[in-house]
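Have a look at the structure below, then the notes.
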Amino acid sequence: MGLFSSLAEKLSNVFSKITSRGKLTEGDIKQSMREIRIALLEADVNYAVVKDFVARVSEKAVGEAVLKSLTPGQQVVKIVNDELIALMGSSASKLEVAAKPPTVILMCGLQGAGKTTFCGKLGSYLVKQGKKPMFAACDVYRPAAINQLQVVGKKVNIPVFEQGTGNPVKIAVAAVKEAERLGYDTVIIDTAGRLHINEQLMTELKEIKKNTSPTEILLTVDAMTGQDAVNVAKTFNDELDITGVILTKLDGDTRGGAALSIRYVTGKPIKFCGTGEKPTDIEQFYPDRMASRILGMGDVLTLIEKAQEAVTEEDMRKMEKRMRENKFTLEDFLTQFKQLSKMGDINDVVAMIPGMSKANVDAKAVDERINKYKSIILSMTPQERNHPEIIKSSRRKRIAKGSGTTVQEVNALLKQYEQTKEMIKVANTGKMPTMPQKVIRQKRRFR
């Protein structure tokens with residue numbers, strides 16, 4: 001189960017009823033709208049948002065052009081899709097950059113929303129964009145908060161400016177000056193959170209804002225808290241005039257209501273999502289792609305981006321050349337497993353494949369299988385990896401022992417390798433599949 005999986009399933013059931021009919025009546029559409037309304041409320045979407053959304057969809061859906069259309073069901077799906085995109089902000093909202101560096105990004109949010117962890121993700125994302133960021137440790141209250149940011153900074157190789165548990169406003173100002181002096185073009189200020197919003201927290205944040213003139217004020221909210229996340233966003237926006245929202249824990253079994261409500265309630269865009277534990281588990285928020293996922297249409301563009309991040313163009317060319325020449329070895333197979341692991345949660349990846357949103361993949365079992373297969377290949381000698389045909393009975397026993405697996409599992413890997421090799425031979429007689437397609441097929445084989 002992942003983001004919106006329950007909502008996607010319910011909407012899919014509504015749409016399957018109306019798309020299977022040749023004609024629709026106003027009564028059919030009213031019934032569908034009732035079901036959509038219930039599905040959205042159960043997904044913890046704000047009541048006012050649901051009411052307005054259903055009213056807008058209904059108004060367009062009962063128009064003459066839809067009811068008299070040859071494919072009225074598809075027209076209704078298109079209207080829902082368009083309105084979902086509009087609800088979440090129409091287009092992706094990029095990070096603003098200061099006219100004169102450094103760009104100051106003020107991170108705020110309640111305790112436990114994942115703010116410090118997301119500093120690391122955002123820093124890692126900016127480094128990939130060619131930026132040179134620095135962190136400022138301004139959470140001086142929570143025990144070990146500074147140390148946590150230093151650990152995060154070390155992981156992503158980004159320096160942390162800290163002055164212990166002094167005045168957070170002075171620390172933030174000093175950090176910006178230090179960034180100017182050392183040539184860092186971005187300062188990400190990690191501020192203190194509280195368990196609840198209070199006057200002291202807001203006063204401090206307003207002071208930091210006033211003294212550092214941030215280009216971006218990003219509020220981190222936990223997507224799994226549903227309507228609470230929306231209420232927190234509204235209060236922070238009223239007090240601080242935030243520039244955008246970051247939704248964390250979108251990889252959990254969350255109902256997704258916050259993602260569909262925040263833009264409507266605050267008027268501010270969702271800029272990024274946190275989709276896992278690793279520093280690379282960050283996605284820019286695209287309303288159109290998210291709408292596609294909610295409606296079970298997949299998200300091919302994000303899937304391709306994930307594949308491109310997992311494998312460089314040079315690696316892709318080398319692999320393609322080896323495949324064309326039928327030189328695919330167990331070493332290459334190991335590389336594919338590593339690339340597969342880099343793409344993130346299996347369920348999330350499968351859900352991005354059009355028509356696969358309902359596929360129930362046991363992500364834990366798949367990850368265990370991949371890790372076992374990697375261990376098996378790593379327990380082989382270089383000669384065995386490049387010439388698998390020499391791996392007979394005694395070698396298989398040694399490899400199983402060395403990798404902590406069974407001979408049956410070693411046999412299963414070798415069989416799968418042979419099948420993949422055979423598939424490549426077949427592909428070479430026709431059109432060579434592109435990397436994203438190969439990755440998708442690899443995923444499907446592991447289900």
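Letters for chains follow the order of the structure tokens (A, B, ...), residue numbers begin at 1 for each chain, and ligand numbers begin at 1 in the order shown.
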Sel. of strand (DSSP E) residues, region 16-177 of chain A, as a PyMOL selection string: chain A and resi 103-109+133-138+160-161
Please identify all polymer residues within 12 Å of Val62 (chain A), counting only C-alpha atoms, omitting same-chain residues fewer than 2 positions from it, and present them as a PDB file with C-alpha atoms, in the first residue's frame.
ATOM      1  CA  LEU A  24     -24.807   8.449 -19.472  1.00  0.00           C
ATOM      2  CA  THR A  25     -27.778  10.189 -17.883  1.00  0.00           C
ATOM      3  CA  GLU A  26     -27.698  13.033 -15.362  1.00  0.00           C
ATOM      4  CA  GLY A  27     -28.701  10.436 -12.774  1.00  0.00           C
ATOM      5  CA  ASP A  28     -25.639   8.309 -13.623  1.00  0.00           C
ATOM      6  CA  ILE A  29     -23.352  11.300 -13.190  1.00  0.00           C
ATOM      7  CA  LYS A  30     -24.997  12.340  -9.909  1.00  0.00           C
ATOM      8  CA  GLN A  31     -24.495   8.813  -8.554  1.00  0.00           C
ATOM      9  CA  SER A  32     -20.828   8.864  -9.673  1.00  0.00           C
ATOM     10  CA  MET A  33     -20.307  12.257  -8.035  1.00  0.00           C
ATOM     11  CA  VAL A  54     -17.404  17.849  -6.732  1.00  0.00           C
ATOM     12  CA  ALA A  55     -19.482  20.943  -7.588  1.00  0.00           C
ATOM     13  CA  ARG A  56     -16.997  21.985 -10.306  1.00  0.00           C
ATOM     14  CA  VAL A  57     -16.744  18.475 -11.780  1.00  0.00           C
ATOM     15  CA  SER A  58     -20.563  18.026 -11.709  1.00  0.00           C
ATOM     16  CA  GLU A  59     -21.159  21.319 -13.472  1.00  0.00           C
ATOM     17  CA  LYS A  60     -18.862  20.352 -16.345  1.00  0.00           C
ATOM     18  CA  GLU A  64     -24.569  18.717 -23.214  1.00  0.00           C
ATOM     19  CA  ALA A  65     -21.139  18.105 -24.813  1.00  0.00           C
ATOM     20  CA  VAL A  66     -20.420  15.307 -22.325  1.00  0.00           C
ATOM     21  CA  LEU A  67     -23.845  13.625 -22.238  1.00  0.00           C
ATOM     22  CA  LYS A  68     -24.123  13.573 -26.038  1.00  0.00           C
ATOM     23  CA  SER A  69     -20.518  12.520 -26.568  1.00  0.00           C
ATOM     24  CA  PRO A  72     -19.128  10.203 -22.095  1.00  0.00           C
ATOM     25  CA  GLY A  73     -17.355   8.076 -19.455  1.00  0.00           C
ATOM     26  CA  GLN A  75     -14.980  12.698 -20.857  1.00  0.00           C
ATOM     27  CA  VAL A  76     -15.916  12.555 -17.159  1.00  0.00           C
ATOM     28  CA  ILE A  79     -12.785  16.412 -16.297  1.00  0.00           C
TER      29      ILE A  79
END
Would you pick out the contacts of Pro382 (chain A) at 10 Å or less, using only C-alpha atoms, so that residues sharing its chain but fewer than 5 positions from it are not included, and give the list as a ChimeraX atom specification? /A:330-331,377,387-388
Applying 9 Å and only C-alpha atoms, which residues near Pro101 (chain A) remain after dropping the ones on its own chain fewer than 5 positions away? List them as a ChimeraX atom specification. /A:179-180,183-186
Non-local contacts of region 200-208 of chain A (12 Å; only C-alpha atoms; under 6 positions in same chain excluded) as an NGL selection string: :A and (104-111 or 136 or 138-141 or 167-176 or 189-194 or 214 or 217-219 or 235-242)
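Across A:Arg385, A:Arg21, A:Lys100, A:Lys155, the tightest approach to Ser213 (chain A) is made by A:Lys100 when counting only C-alpha atoms.
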Within 7 Å of region 406-409 of chain A, counting only C-alpha atoms, which residues show up once you throw out same-chain ones fewer than 3 positions away? Write them as a ChimeraX atom specification, please. /A:396-397,400,412-413
Taking only region 141-358 of chain A into account, list the residues labelled alpha helix (DSSP H) by DSSP (computed from the backbone), as an MDAnalysis selection string. chainID A and resid 145:156 168:182 199:212 227:240 257:266 287:294 300:310 313:324 330:342 346:351
Can you list, as a compact mmCIF listing (two decimals) with C-alpha atoms, in the first residue's frame, every protein, DNA or RNA residue that comes within 10 Å of Val221 (chain A) when you count only C-alpha atoms, leaving out same-chain residues fewer than 2 positions away?
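out31.txt written:
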# COMPACT_ATOMS: atom_id res chain seq x y z
CA CYS A 108 10.07 25.44 9.42
CA GLY A 109 7.56 22.96 10.82
CA LEU A 110 6.43 21.10 13.91
CA GLN A 111 8.62 18.60 15.74
CA GLY A 112 8.52 15.12 14.20
CA ALA A 113 7.55 16.24 10.68
CA GLY A 114 10.98 15.25 9.34
CA LYS A 115 12.36 18.76 8.85
CA LEU A 218 9.35 26.09 3.25
CA LEU A 219 6.99 24.41 5.68
CA ALA A 223 1.49 13.75 5.05
CA MET A 224 0.37 10.95 7.37
CA THR A 225 -1.26 13.42 9.78
CA GLY A 226 -3.98 14.23 7.22
CA ASP A 228 -3.85 18.16 10.99
CA ALA A 229 -1.19 18.82 8.35
CA VAL A 230 -3.60 21.15 6.53
CA VAL A 232 -0.73 23.40 10.59
CA ALA A 233 -0.04 24.70 7.07
CA VAL A 245 5.09 23.25 1.43
CA ILE A 246 7.11 20.04 1.67
CA LEU A 247 5.15 16.84 2.26
CA THR A 248 7.14 14.15 4.04
CA LYS A 249 6.31 10.45 4.54
CA ALA A 258 -3.18 16.66 2.80
CA CYS A 273 7.69 15.33 -1.49
